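Trainee: Got a file for you: query26.cif, mmCIF, C-alpha atoms (C1' of nucleotides).
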data_data
loop_
_atom_site.label_atom_id
_atom_site.label_comp_id
_atom_site.auth_asym_id
_atom_site.auth_seq_id
_atom_site.Cartn_x
_atom_site.Cartn_y
_atom_site.Cartn_z
CA MET A 1 0.18 -1.97 7.33
CA MET A 2 3.21 0.21 6.98
CA PHE A 3 5.60 -1.62 4.73
CA SER A 4 4.91 -3.17 1.33
CA LYS A 5 4.58 -6.93 1.14
CA ALA A 6 7.96 -7.00 -0.57
CA CYS A 7 9.47 -5.18 2.37
CA GLU A 8 7.85 -7.48 4.91
CA TYR A 9 9.28 -10.50 3.10
CA GLY A 10 12.62 -8.74 2.83
CA ILE A 11 12.89 -8.12 6.55
CA ARG A 12 11.77 -11.62 7.42
CA ALA A 13 14.21 -13.11 4.93
CA ALA A 14 17.08 -11.03 6.23
CA VAL A 15 16.37 -12.02 9.81
CA TYR A 16 16.22 -15.68 8.85
CA ILE A 17 19.49 -15.45 6.94
CA ALA A 18 21.08 -13.73 9.91
CA LEU A 19 19.85 -16.41 12.25
CA GLN A 20 21.31 -19.20 10.12
CA SER A 21 24.53 -17.31 9.55
CA LEU A 22 25.03 -17.29 13.30
CA ASP A 23 25.39 -21.05 12.92
CA GLY A 24 27.63 -20.64 9.89
CA ARG A 25 24.96 -21.94 7.54
CA ARG A 26 24.28 -20.53 4.09
CA VAL A 27 20.67 -20.80 3.01
CA SER A 28 18.98 -21.14 -0.38
CA VAL A 29 16.02 -19.12 -1.59
CA THR A 30 13.93 -22.25 -1.42
CA GLU A 31 14.74 -22.79 2.23
CA ILE A 32 14.20 -19.14 3.08
CA ALA A 33 10.80 -19.01 1.38
CA GLU A 34 9.82 -22.19 3.16
CA GLU A 35 10.90 -20.91 6.56
CA ILE A 36 9.37 -17.48 6.35
CA ASP A 37 6.28 -18.71 4.46
CA SER A 38 6.66 -16.53 1.36
CA PRO A 39 6.38 -17.08 -2.41
CA ILE A 40 9.71 -18.44 -3.67
CA ALA A 41 10.24 -16.52 -6.93
CA PHE A 42 9.05 -13.26 -5.46
CA THR A 43 11.35 -13.74 -2.50
CA ALA A 44 14.21 -14.36 -4.92
CA LYS A 45 13.61 -10.96 -6.53
CA ILE A 46 13.63 -9.25 -3.18
CA LEU A 47 16.84 -11.00 -2.18
CA GLN A 48 18.42 -9.64 -5.35
CA GLN A 49 17.66 -6.14 -4.13
CA LEU A 50 19.11 -6.88 -0.72
CA THR A 51 22.21 -8.32 -2.38
CA ARG A 52 22.68 -5.30 -4.64
CA ASN A 53 22.42 -3.09 -1.57
CA ASN A 54 25.03 -5.15 0.27
CA ILE A 55 22.60 -6.06 2.98
CA VAL A 56 23.07 -9.75 2.45
CA ASN A 57 25.78 -11.64 0.66
CA SER A 58 25.02 -14.14 -2.09
CA VAL A 59 27.12 -16.99 -3.39
CA LYS A 60 26.28 -18.86 -6.57
CA GLY A 61 26.76 -22.51 -7.34
CA PRO A 62 26.53 -25.65 -5.22
CA THR A 63 27.05 -24.96 -1.51
CA GLY A 64 26.06 -21.40 -2.40
CA GLY A 65 23.20 -19.41 -0.95
CA PHE A 66 22.69 -16.32 1.16
CA GLU A 67 24.59 -15.31 4.25
CA ILE A 68 25.38 -12.28 6.39
CA ASP A 69 28.70 -11.62 8.08
CA ARG A 70 28.59 -11.46 11.83
CA GLU A 71 29.74 -7.84 11.86
CA GLU A 72 27.23 -6.88 9.19
CA MET A 73 24.45 -8.11 11.44
CA ASP A 74 25.35 -5.30 13.80
CA ASN A 75 25.75 -2.74 11.05
CA VAL A 76 22.59 -3.51 9.14
CA LYS A 77 19.67 -1.67 10.71
CA LEU A 78 16.08 -2.08 9.63
CA ASN A 79 15.92 1.34 8.06
CA MET A 80 18.50 0.18 5.51
CA ILE A 81 16.31 -2.72 4.43
CA VAL A 82 13.21 -0.56 4.29
CA LYS A 83 15.02 2.04 2.26
CA ALA A 84 16.41 -0.56 -0.15
CA ILE A 85 12.95 -1.95 -0.86
CA ASP A 86 10.35 0.75 -0.21
CA GLY A 87 12.52 3.79 -0.73
CA ASP A 88 12.23 6.71 1.64
CA LYS A 89 8.55 7.49 1.31
CA ILE A 90 8.03 6.30 4.86
CA TYR A 91 10.27 9.07 6.05
CA LYS A 92 9.45 11.79 3.56
CA GLY A 93 5.89 11.25 2.32
CA CYS A 94 2.98 13.29 3.66
CA GLY A 95 0.42 11.32 5.64
CA LEU A 96 -2.38 12.81 3.55
CA GLY A 97 -0.54 12.48 0.26
CA LEU A 98 0.33 16.13 -0.41
CA LYS A 99 3.28 16.60 -2.72
CA GLU A 100 4.82 19.25 -0.57
CA CYS A 101 4.00 19.17 3.08
CA ASP A 102 6.37 20.61 5.62
CA ALA A 103 6.48 22.99 8.54
CA GLN A 104 6.03 25.90 6.13
CA LYS A 105 2.96 24.51 4.41
CA PRO A 106 1.68 21.65 6.55
CA CYS A 107 -1.28 19.40 5.90
CA PRO A 108 -3.80 19.25 8.76
CA LEU A 109 -2.11 16.18 10.19
CA HIS A 110 1.48 17.22 9.67
CA ASP A 111 2.36 17.98 13.28
CA LYS A 112 0.61 14.94 14.60
CA PHE A 113 2.47 12.72 12.17
CA VAL A 114 5.86 14.17 12.92
CA ASP A 115 5.91 12.57 16.35
CA ILE A 116 4.79 9.17 15.16
CA ARG A 117 7.16 9.15 12.26
CA THR A 118 10.05 10.23 14.41
CA ASP A 119 9.42 7.30 16.73
CA LEU A 120 9.16 4.91 13.82
CA SER A 121 12.28 6.26 12.22
CA ARG A 122 14.24 6.06 15.45
CA MET A 123 13.11 2.49 15.98
CA LEU A 124 14.13 1.41 12.48
CA LYS A 125 17.49 3.14 12.73
CA SER A 126 18.32 1.54 16.04
CA THR A 127 17.21 -2.02 15.40
CA SER A 128 19.90 -4.32 14.04
CA LEU A 129 19.53 -7.65 12.33
CA PHE A 130 21.59 -9.20 15.09
CA GLU A 131 19.14 -8.09 17.73
CA LEU A 132 16.23 -9.57 15.78
CA ALA A 133 18.07 -12.78 14.98
CA THR A 134 18.94 -13.47 18.60
CA GLY A 135 15.31 -12.96 19.62
CA LEU A 136 14.43 -15.67 17.16
CA GLU A 137 17.24 -17.91 18.25
CA ILE A 138 16.08 -18.14 21.82
CA GLY A 139 12.54 -18.86 20.68
CA MET A 140 11.09 -15.59 21.84
CA THR A 141 9.83 -14.56 18.40
CA PHE A 142 8.66 -16.13 15.14
CA LEU A 143 8.84 -15.53 11.39
CA LYS A 144 5.99 -17.73 10.23
CA ARG A 145 2.20 -17.79 10.32
CA MET B 1 2.77 6.05 3.50
CA MET B 2 0.36 4.67 6.00
CA PHE B 3 -3.08 5.08 4.50
CA SER B 4 -4.25 4.07 1.04
CA LYS B 5 -4.68 6.81 -1.55
CA ALA B 6 -8.43 6.36 -1.17
CA CYS B 7 -8.13 7.03 2.53
CA GLU B 8 -5.96 10.08 2.02
CA TYR B 9 -8.52 11.55 -0.34
CA GLY B 10 -11.29 10.57 2.05
CA ILE B 11 -9.75 12.42 4.96
CA ARG B 12 -8.96 15.48 2.88
CA ALA B 13 -12.47 15.50 1.43
CA ALA B 14 -14.06 15.18 4.86
CA VAL B 15 -11.98 18.01 6.24
CA TYR B 16 -12.90 20.22 3.32
CA ILE B 17 -16.59 19.41 3.68
CA ALA B 18 -16.38 20.19 7.38
CA LEU B 19 -14.69 23.49 6.69
CA GLN B 20 -17.40 24.56 4.26
CA SER B 21 -20.16 23.29 6.49
CA LEU B 22 -18.91 25.66 9.16
CA ASP B 23 -20.05 28.38 6.76
CA GLY B 24 -23.29 26.56 6.07
CA ARG B 25 -22.23 25.67 2.54
CA ARG B 26 -22.94 22.36 0.88
CA VAL B 27 -20.28 21.30 -1.61
CA SER B 28 -20.40 19.20 -4.77
CA VAL B 29 -17.98 16.40 -5.66
CA THR B 30 -16.62 18.59 -8.41
CA GLU B 31 -15.78 21.39 -6.01
CA ILE B 32 -14.30 18.99 -3.46
CA ALA B 33 -12.07 17.30 -6.02
CA GLU B 34 -10.95 20.69 -7.25
CA GLU B 35 -10.15 21.95 -3.79
CA ILE B 36 -8.32 18.92 -2.52
CA ASP B 37 -6.66 18.20 -5.88
CA SER B 38 -8.01 14.67 -6.37
CA PRO B 39 -9.56 12.72 -9.29
CA ILE B 40 -13.27 13.54 -9.44
CA ALA B 41 -14.87 10.17 -10.13
CA PHE B 42 -12.62 8.36 -7.70
CA THR B 43 -13.38 10.93 -5.05
CA ALA B 44 -17.08 10.40 -5.71
CA LYS B 45 -16.71 6.70 -4.92
CA ILE B 46 -14.94 7.44 -1.70
CA LEU B 47 -17.59 9.93 -0.68
CA GLN B 48 -20.17 7.21 -1.18
CA GLN B 49 -18.37 5.15 1.41
CA LEU B 50 -18.24 8.04 3.82
CA THR B 51 -21.94 8.64 3.25
CA ARG B 52 -22.87 5.00 3.86
CA ASN B 53 -20.89 5.14 7.07
CA ASN B 54 -22.71 8.29 8.19
CA ILE B 55 -19.51 10.26 8.30
CA VAL B 56 -20.78 12.86 5.89
CA ASN B 57 -24.31 13.65 4.79
CA SER B 58 -25.27 13.75 1.13
CA VAL B 59 -28.19 15.49 -0.53
CA LYS B 60 -29.21 14.83 -4.12
CA GLY B 61 -30.57 17.26 -6.66
CA PRO B 62 -30.00 20.95 -7.28
CA THR B 63 -28.64 22.78 -4.22
CA GLY B 64 -27.56 19.33 -3.07
CA GLY B 65 -24.06 18.22 -2.21
CA PHE B 66 -22.14 17.04 0.84
CA GLU B 67 -22.26 18.49 4.32
CA ILE B 68 -21.46 17.60 7.91
CA ASP B 69 -23.53 18.67 10.91
CA ARG B 70 -21.72 20.85 13.39
CA GLU B 71 -22.09 18.29 16.16
CA GLU B 72 -20.92 15.50 13.90
CA MET B 73 -17.68 17.35 13.34
CA ASP B 74 -16.94 16.79 16.99
CA ASN B 75 -18.11 13.19 16.98
CA VAL B 76 -16.31 12.08 13.85
CA LYS B 77 -12.74 11.16 14.67
CA LEU B 78 -10.14 10.22 12.11
CA ASN B 79 -10.12 6.59 13.14
CA MET B 80 -13.72 6.34 11.93
CA ILE B 81 -12.78 7.53 8.47
CA VAL B 82 -9.76 5.27 8.30
CA LYS B 83 -11.83 2.31 9.42
CA ALA B 84 -14.56 3.07 6.87
CA ILE B 85 -12.08 3.12 4.00
CA ASP B 86 -9.05 1.02 4.92
CA GLY B 87 -10.68 -1.27 7.44
CA ASP B 88 -8.88 -2.13 10.65
CA LYS B 89 -5.66 -3.54 9.27
CA ILE B 90 -3.82 -0.51 10.62
CA TYR B 91 -4.80 -1.52 14.10
CA LYS B 92 -4.72 -5.28 13.80
CA GLY B 93 -2.23 -6.24 11.09
CA CYS B 94 1.28 -7.46 11.94
CA GLY B 95 4.08 -5.14 10.86
CA LEU B 96 5.86 -8.04 9.18
CA GLY B 97 2.72 -9.52 7.66
CA LEU B 98 2.27 -12.57 9.88
CA LYS B 99 -1.29 -13.86 10.00
CA GLU B 100 -1.24 -14.33 13.70
CA CYS B 101 1.10 -12.14 15.64
CA ASP B 102 0.40 -11.29 19.24
CA ALA B 103 2.00 -11.30 22.66
CA GLN B 104 1.79 -15.12 22.68
CA LYS B 105 3.49 -15.61 19.32
CA PRO B 106 5.09 -12.31 18.37
CA CYS B 107 7.04 -11.47 15.25
CA PRO B 108 10.51 -10.03 15.88
CA LEU B 109 9.15 -6.51 15.67
CA HIS B 110 5.95 -7.00 17.60
CA ASP B 111 6.93 -5.23 20.79
CA LYS B 112 8.56 -2.38 18.99
CA PHE B 113 5.47 -1.86 16.88
CA VAL B 114 3.07 -1.92 19.78
CA ASP B 115 4.25 1.45 21.01
CA ILE B 116 4.16 3.12 17.63
CA ARG B 117 0.78 1.71 16.79
CA THR B 118 -0.63 2.72 20.13
CA ASP B 119 0.46 6.29 19.53
CA LEU B 120 -1.00 6.27 16.05
CA SER B 121 -4.23 4.76 17.23
CA ARG B 122 -4.55 7.25 20.07
CA MET B 123 -3.91 10.14 17.70
CA LEU B 124 -6.54 8.96 15.23
CA LYS B 125 -9.10 8.33 17.96
CA SER B 126 -8.63 11.74 19.50
CA THR B 127 -8.52 13.91 16.40
CA SER B 128 -11.89 15.28 15.31
CA LEU B 129 -12.90 16.72 11.99
CA PHE B 130 -13.74 19.96 13.74
CA GLU B 131 -10.21 20.33 15.02
CA LEU B 132 -8.78 19.78 11.56
CA ALA B 133 -11.31 22.07 9.88
CA THR B 134 -10.56 24.96 12.20
CA GLY B 135 -6.84 24.61 11.55
CA LEU B 136 -7.63 25.04 7.88
CA GLU B 137 -9.98 27.90 8.49
CA ILE B 138 -7.40 30.06 10.13
CA GLY B 139 -4.94 29.33 7.35
CA MET B 140 -2.58 27.28 9.47
CA THR B 141 -2.84 24.17 7.32
CA PHE B 142 -3.53 23.18 3.71
CA LEU B 143 -5.26 20.45 1.72
CA LYS B 144 -3.64 20.93 -1.66
CA ARG B 145 -0.29 20.42 -3.36
"C1'" DT C 1 35.59 -31.51 -17.83
"C1'" DT C 2 31.16 -32.25 -16.85
"C1'" DA C 3 26.84 -32.65 -14.35
"C1'" DA C 4 24.38 -30.57 -10.82
"C1'" DA C 5 23.24 -26.77 -7.75
"C1'" DA C 6 22.22 -22.24 -6.89
"C1'" DA C 7 21.56 -17.22 -7.79
"C1'" DA C 8 20.52 -13.68 -11.55
"C1'" DG C 9 17.60 -11.99 -14.75
"C1'" DG C 10 13.90 -11.50 -18.36
"C1'" DA C 11 9.27 -12.01 -19.70
"C1'" DT C 12 4.71 -12.60 -18.27
"C1'" DA C 13 0.64 -13.20 -15.51
"C1'" DA C 14 -2.58 -12.35 -11.68
"C1'" DA C 15 -4.46 -9.45 -8.33
"C1'" DA C 16 -5.23 -5.22 -6.12
"C1'" DT C 17 -5.57 -0.42 -6.27
"C1'" DT C 18 -6.49 3.66 -8.55
"C1'" DG C 19 -8.94 6.00 -11.89
"C1'" DT C 20 -12.62 7.02 -15.79
"C1'" DC C 21 -17.02 7.03 -18.19
"C1'" DC C 22 -21.68 6.69 -18.66
"C1'" DT C 23 -26.39 5.72 -17.05
"C1'" DT C 24 -29.82 5.94 -13.35
"C1'" DT C 25 -32.13 8.01 -9.48
"C1'" DA C 26 -33.57 11.76 -6.66
"C1'" DT C 27 -34.67 16.49 -5.98
"C1'" DT C 28 -35.28 21.25 -6.75
"C1'" DA C 29 -36.80 25.43 -8.79
"C1'" DA C 30 -38.89 27.61 -12.49
"C1'" DT D 1 -44.75 19.17 -14.91
"C1'" DT D 2 -40.47 19.66 -16.64
"C1'" DA D 3 -35.72 20.80 -17.28
"C1'" DA D 4 -31.67 21.04 -14.85
"C1'" DT D 5 -28.58 19.62 -11.11
"C1'" DA D 6 -26.32 16.58 -8.21
"C1'" DA D 7 -25.29 12.08 -6.01
"C1'" DA D 8 -25.43 6.85 -6.73
"C1'" DG D 9 -24.02 3.10 -9.07
"C1'" DG D 10 -22.34 -0.12 -12.69
"C1'" DA D 11 -18.97 -1.30 -16.01
"C1'" DC D 12 -14.64 -0.87 -17.50
"C1'" DA D 13 -9.61 0.81 -18.05
"C1'" DA D 14 -4.93 1.89 -16.38
"C1'" DT D 15 -1.44 1.36 -13.16
"C1'" DT D 16 1.01 -0.72 -9.50
"C1'" DT D 17 2.07 -4.47 -6.75
"C1'" DT D 18 2.51 -9.15 -6.13
"C1'" DA D 19 3.65 -13.45 -8.01
"C1'" DT D 20 5.17 -17.16 -11.46
"C1'" DC D 21 7.93 -19.41 -15.03
"C1'" DC D 22 11.75 -20.21 -17.67
"C1'" DT D 23 16.45 -19.32 -19.30
"C1'" DT D 24 21.20 -17.89 -18.32
"C1'" DT D 25 25.28 -17.49 -15.58
"C1'" DT D 26 28.34 -18.97 -12.04
"C1'" DT D 27 30.45 -22.31 -9.32
"C1'" DT D 28 31.41 -26.59 -7.08
"C1'" DA D 29 32.49 -31.35 -6.54
"C1'" DA D 30 32.94 -35.67 -8.51
#
What's the structure tokens form of this structure?

Mentor:
Amino acid sequence: MMFSKACEYGIRAAVYIALQSLDGRRVSVTEIAEEIDSPIAFTAKILQQLTRNNIVNSVKGPTGGFEIDREEMDNVKLNMIVKAIDGDKIYKGCGLGLKECDAQKPCPLHDKFVDIRTDLSRMLKSTSLFELATGLEIGMTFLKR
Amino acid sequence: MMFSKACEYGIRAAVYIALQSLDGRRVSVTEIAEEIDSPIAFTAKILQQLTRNNIVNSVKGPTGGFEIDREEMDNVKLNMIVKAIDGDKIYKGCGLGLKECDAQKPCPLHDKFVDIRTDLSRMLKSTSLFELATGLEIGMTFLKR
DNA sequence: TTAAAAAAGGATAAAATTGTCCTTTATTAA
DNA sequence: TTAATAAAGGACAATTTTATCCTTTTTTAA
């Protein structure tokens, strides 16, 4: 609706990893894909991007898997994940697809979009993985179906 | 960013048609594509959808083209165009891609998205083609580049 | 030191979206 | 009535996104 499929999987995966890391558990791609109901290999690709962007930590070999440090859960905000996967078109792009669209030369929807985008942006910048993981932990929210 | 390319072109085309209809001019696909800087044949397809959904009126043959009745410009709101082209996933779909995501079984972002989506939905439902066309007419806004 | 486990990465494939081309249908004006 | 004009529609092509498969690299524990 707003994010690419890759980004949706990425956020869900990150939240799941955070949740398990709270219990000190590392998780494999297979487990993640199972738990967030996503295609395994595709999810693996997305996790590579998150790893390269230092959003999650990966460890190879037996007992390896993905994890997120407790402090990183506070530092990592949703906008970082979105940016790592979808780039910054959500923030920059014109709602009607104009190449240049700004206050100087606005598309007909420019002003109306500014408000909505500002809200979205603020929300993404202020929502941490920790916050989302704890919502899951207490059974208030879900990552599947 | 939020709409498909098809939908972006559709909105721009509709606004341009409305603008010209204010002067009593019918416009051809070729002119529309030129003026909104979009691929001709693809734009033609999109205009077919708008025509089938009674958002614009089409007339075949010489002197034919696309037009919008003055009263229709008030009646047609952006949400109607978006629905005709992108369907209602903008309104219904879960931000994280869950098949069922509602107050009963929300994804971790559900509540945060509700507000943003409500604003977006309200904006689309309350913005008429006439409003957008007049902004263009007085040179306040643009459809190209 | 070796077998097994797990992520990384490369090469494709499938599906969806975007875009083009060409023929058909309708309509108008000469 | 006919030639020209314009939308409608069908078939296909290109691109992007989503998804799969298989090999390589790293690491652990036995």

Trainee: Selection in question (the file shown): the PyMOL selection byres ((chain C) within 7 of (chain B)). Which residues does it include, as an MDAnalysis selection string?

Mentor: chainID C and resid 19:20 26:28

Trainee: Using C-alpha atoms (C1' of nucleotides), can you export the residues from the last selection as a compact mmCIF listing (two decimals), in the frame of the given file?

Mentor:
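Dumped everything to again_28.txt:
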# COMPACT_ATOMS: atom_id res chain seq x y z
C1' DG C 19 -8.94 6.00 -11.89
C1' DT C 20 -12.62 7.02 -15.79
C1' DA C 26 -33.57 11.76 -6.66
C1' DT C 27 -34.67 16.49 -5.98
C1' DT C 28 -35.28 21.25 -6.75

Trainee: How close does each residue of chain D get to chain B, giving the shortest atom pair and distance in Å to one decimal for every residue with an atom at most 8 Å away, counting all atoms listed in the file, sorted by chain and residue number, as JSON lines?

Mentor:
{"residue": "D:DA4", "atom": "C1'", "partner": "B:Pro62", "partner_atom": "CA", "distance": 7.8}
{"residue": "D:DT5", "atom": "C1'", "partner": "B:Pro62", "partner_atom": "CA", "distance": 4.3}
{"residue": "D:DA6", "atom": "C1'", "partner": "B:Gly61", "partner_atom": "CA", "distance": 4.6}
{"residue": "D:DA7", "atom": "C1'", "partner": "B:Lys60", "partner_atom": "CA", "distance": 5.1}
{"residue": "D:DA8", "atom": "C1'", "partner": "B:Gln48", "partner_atom": "CA", "distance": 7.7}

Trainee: Can you write just those residues out, C-alpha atoms (C1' of nucleotides), as a CSV table (one decimal), keeping the file's coordinate frame?

Mentor:
chain,number,residue,atom,x,y,z
D,4,DA,C1',-31.7,21.0,-14.8
D,5,DT,C1',-28.6,19.6,-11.1
D,6,DA,C1',-26.3,16.6,-8.2
D,7,DA,C1',-25.3,12.1,-6.0
D,8,DA,C1',-25.4,6.8,-6.7

Trainee: Report the closest atom pair, with its distance in Å rounded to one decimal, for each residue of chain A that has an atom no farther than 9 Å from chain B; count only C-alpha atoms, sort by chain and then rising residue number, and write it as a Markdown table.

Mentor:
| residue | atom | partner | partner_atom | distance |
| --- | --- | --- | --- | --- |
| A:Met1 | CA | B:Ile90 | CA | 5.4 |
| A:Met2 | CA | B:Met2 | CA | 5.4 |
| A:Phe3 | CA | B:Gly95 | CA | 7.2 |
| A:Lys5 | CA | B:Gly97 | CA | 7.3 |
| A:Cys7 | CA | B:Leu96 | CA | 8.2 |
| A:Glu8 | CA | B:Leu96 | CA | 4.7 |
| A:Tyr9 | CA | B:Leu96 | CA | 7.4 |
| A:Ile11 | CA | B:Leu96 | CA | 7.5 |
| A:Arg12 | CA | B:Leu96 | CA | 7.1 |
| A:Val15 | CA | B:Pro108 | CA | 8.7 |
| A:Lys89 | CA | B:Met1 | CA | 6.3 |
| A:Ile90 | CA | B:Met1 | CA | 5.4 |
| A:Tyr91 | CA | B:Met1 | CA | 8.5 |
| A:Lys92 | CA | B:Met1 | CA | 8.8 |
| A:Gly93 | CA | B:Met1 | CA | 6.2 |
| A:Cys94 | CA | B:Met1 | CA | 7.2 |
| A:Gly95 | CA | B:Met1 | CA | 6.2 |
| A:Leu96 | CA | B:Glu8 | CA | 4.8 |
| A:Gly97 | CA | B:Glu8 | CA | 6.2 |
| A:Leu98 | CA | B:Arg145 | CA | 5.2 |
| A:Lys99 | CA | B:Arg145 | CA | 5.3 |
| A:Glu100 | CA | B:Arg145 | CA | 5.9 |
| A:Cys101 | CA | B:Arg145 | CA | 7.8 |
| A:Lys105 | CA | B:Thr141 | CA | 6.5 |
| A:Pro106 | CA | B:Thr141 | CA | 5.2 |
| A:Cys107 | CA | B:Phe142 | CA | 4.9 |
| A:Pro108 | CA | B:Thr141 | CA | 5.2 |
| A:Leu109 | CA | B:Leu132 | CA | 7.7 |
| A:His110 | CA | B:Thr141 | CA | 8.5 |
| A:Lys112 | CA | B:Met123 | CA | 7.3 |
| A:Phe113 | CA | B:Leu120 | CA | 8.3 |
| A:Asp115 | CA | B:Asp119 | CA | 8.9 |
| A:Ile116 | CA | B:Leu120 | CA | 6.5 |
| A:Arg117 | CA | B:Ile116 | CA | 8.6 |
| A:Asp119 | CA | B:Ile116 | CA | 6.8 |
| A:Leu120 | CA | B:Ile116 | CA | 6.5 |
| A:Met123 | CA | B:Lys112 | CA | 7.3 |
| A:Leu132 | CA | B:Pro108 | CA | 5.7 |
| A:Ala133 | CA | B:Pro108 | CA | 8.1 |
| A:Gly135 | CA | B:Pro108 | CA | 6.8 |
| A:Leu136 | CA | B:Pro108 | CA | 7.0 |
| A:Met140 | CA | B:Pro106 | CA | 7.7 |
| A:Thr141 | CA | B:Cys107 | CA | 5.2 |
| A:Phe142 | CA | B:Cys107 | CA | 4.9 |
| A:Leu143 | CA | B:Cys107 | CA | 5.9 |
| A:Lys144 | CA | B:Leu98 | CA | 6.4 |
| A:Arg145 | CA | B:Leu98 | CA | 5.2 |

Trainee: Mind dumping the selected residues with C-alpha atoms as a short mmCIF file (atom, residue, chain, number, x, y, z; two decimals), keeping the file's coordinate frame?

Mentor:
data_model
loop_
_atom_site.label_atom_id
_atom_site.label_comp_id
_atom_site.auth_asym_id
_atom_site.auth_seq_id
_atom_site.Cartn_x
_atom_site.Cartn_y
_atom_site.Cartn_z
CA MET A 1 0.18 -1.97 7.33
CA MET A 2 3.21 0.21 6.98
CA PHE A 3 5.60 -1.62 4.73
CA LYS A 5 4.58 -6.93 1.14
CA CYS A 7 9.47 -5.18 2.37
CA GLU A 8 7.85 -7.48 4.91
CA TYR A 9 9.28 -10.50 3.10
CA ILE A 11 12.89 -8.12 6.55
CA ARG A 12 11.77 -11.62 7.42
CA VAL A 15 16.37 -12.02 9.81
CA LYS A 89 8.55 7.49 1.31
CA ILE A 90 8.03 6.30 4.86
CA TYR A 91 10.27 9.07 6.05
CA LYS A 92 9.45 11.79 3.56
CA GLY A 93 5.89 11.25 2.32
CA CYS A 94 2.98 13.29 3.66
CA GLY A 95 0.42 11.32 5.64
CA LEU A 96 -2.38 12.81 3.55
CA GLY A 97 -0.54 12.48 0.26
CA LEU A 98 0.33 16.13 -0.41
CA LYS A 99 3.28 16.60 -2.72
CA GLU A 100 4.82 19.25 -0.57
CA CYS A 101 4.00 19.17 3.08
CA LYS A 105 2.96 24.51 4.41
CA PRO A 106 1.68 21.65 6.55
CA CYS A 107 -1.28 19.40 5.90
CA PRO A 108 -3.80 19.25 8.76
CA LEU A 109 -2.11 16.18 10.19
CA HIS A 110 1.48 17.22 9.67
CA LYS A 112 0.61 14.94 14.60
CA PHE A 113 2.47 12.72 12.17
CA ASP A 115 5.91 12.57 16.35
CA ILE A 116 4.79 9.17 15.16
CA ARG A 117 7.16 9.15 12.26
CA ASP A 119 9.42 7.30 16.73
CA LEU A 120 9.16 4.91 13.82
CA MET A 123 13.11 2.49 15.98
CA LEU A 132 16.23 -9.57 15.78
CA ALA A 133 18.07 -12.78 14.98
CA GLY A 135 15.31 -12.96 19.62
CA LEU A 136 14.43 -15.67 17.16
CA MET A 140 11.09 -15.59 21.84
CA THR A 141 9.83 -14.56 18.40
CA PHE A 142 8.66 -16.13 15.14
CA LEU A 143 8.84 -15.53 11.39
CA LYS A 144 5.99 -17.73 10.23
CA ARG A 145 2.20 -17.79 10.32
#

Trainee: Around all the atoms of range 15-29 of chain C listed in the file, with 6 Å of room on each side, what axis-aligned box do you get, giving centre and edge lengths in Å to one decimal, as JSON?

Mentor:
{"center_x": -20.6, "center_y": 8.0, "center_z": -12.3, "size_x": 44.3, "size_y": 46.9, "size_z": 24.7}

Trainee: If you measure from CA of Ser21 in chain A to C1' of DA4 in chain C, what distance in Å do you get, rounded to one decimal?

Mentor: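 Computing the Euclidean distance for CA of Ser21 in chain A and C1' of DA4 in chain C yields 24.3 Å.
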
Trainee: Would you mind reading off the distance between CA of Ser128 in chain A and C1' of DA19 in chain D, one decimal, in Å?

Mentor: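 C1' of DA19 in chain D lies at a distance of 28.9 Å from CA of Ser128 in chain A.
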
Trainee: Evaluated on this file, the PyMOL selection byres ((chain C and resi 10) around 10) picks out some residues - which ones are they, written as an MDAnalysis selection string?

Mentor: (chainID C and resid 8:9 11:12) or (chainID D and resid 22:24)

Trainee: Any chance you could model N, CA and C atoms for range 101-109 of chain A and send them as a PDB file, in the frame of the given file?

Mentor:
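Output contents, as saved in out-v8.pdb:
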ATOM      1  N   CYS A 101       4.629  19.028   1.773  1.00  0.00           N
ATOM      2  CA  CYS A 101       4.000  19.170   3.080  1.00  0.00           C
ATOM      3  C   CYS A 101       5.123  19.258   4.080  1.00  0.00           C
ATOM      4  N   ASP A 102       5.294  20.419   4.646  1.00  0.00           N
ATOM      5  CA  ASP A 102       6.370  20.610   5.620  1.00  0.00           C
ATOM      6  C   ASP A 102       5.932  21.667   6.628  1.00  0.00           C
ATOM      7  N   ALA A 103       6.825  22.024   7.496  1.00  0.00           N
ATOM      8  CA  ALA A 103       6.480  22.990   8.540  1.00  0.00           C
ATOM      9  C   ALA A 103       5.963  24.305   7.954  1.00  0.00           C
ATOM     10  N   GLN A 104       6.467  24.655   6.770  1.00  0.00           N
ATOM     11  CA  GLN A 104       6.030  25.900   6.130  1.00  0.00           C
ATOM     12  C   GLN A 104       4.583  25.824   5.659  1.00  0.00           C
ATOM     13  N   LYS A 105       4.267  24.666   5.040  1.00  0.00           N
ATOM     14  CA  LYS A 105       2.960  24.510   4.410  1.00  0.00           C
ATOM     15  C   LYS A 105       2.434  23.129   4.777  1.00  0.00           C
ATOM     16  N   PRO A 106       2.021  22.982   6.030  1.00  0.00           N
ATOM     17  CA  PRO A 106       1.680  21.650   6.550  1.00  0.00           C
ATOM     18  C   PRO A 106       0.255  21.218   6.213  1.00  0.00           C
ATOM     19  N   CYS A 107       0.068  19.924   6.019  1.00  0.00           N
ATOM     20  CA  CYS A 107      -1.280  19.400   5.900  1.00  0.00           C
ATOM     21  C   CYS A 107      -1.870  19.382   7.323  1.00  0.00           C
ATOM     22  N   PRO A 108      -3.172  19.184   7.427  1.00  0.00           N
ATOM     23  CA  PRO A 108      -3.800  19.250   8.760  1.00  0.00           C
ATOM     24  C   PRO A 108      -3.255  18.232   9.765  1.00  0.00           C
ATOM     25  N   LEU A 109      -2.615  17.192   9.258  1.00  0.00           N
ATOM     26  CA  LEU A 109      -2.110  16.180  10.190  1.00  0.00           C
ATOM     27  C   LEU A 109      -0.599  16.252  10.385  1.00  0.00           C
TER      28      LEU A 109
END
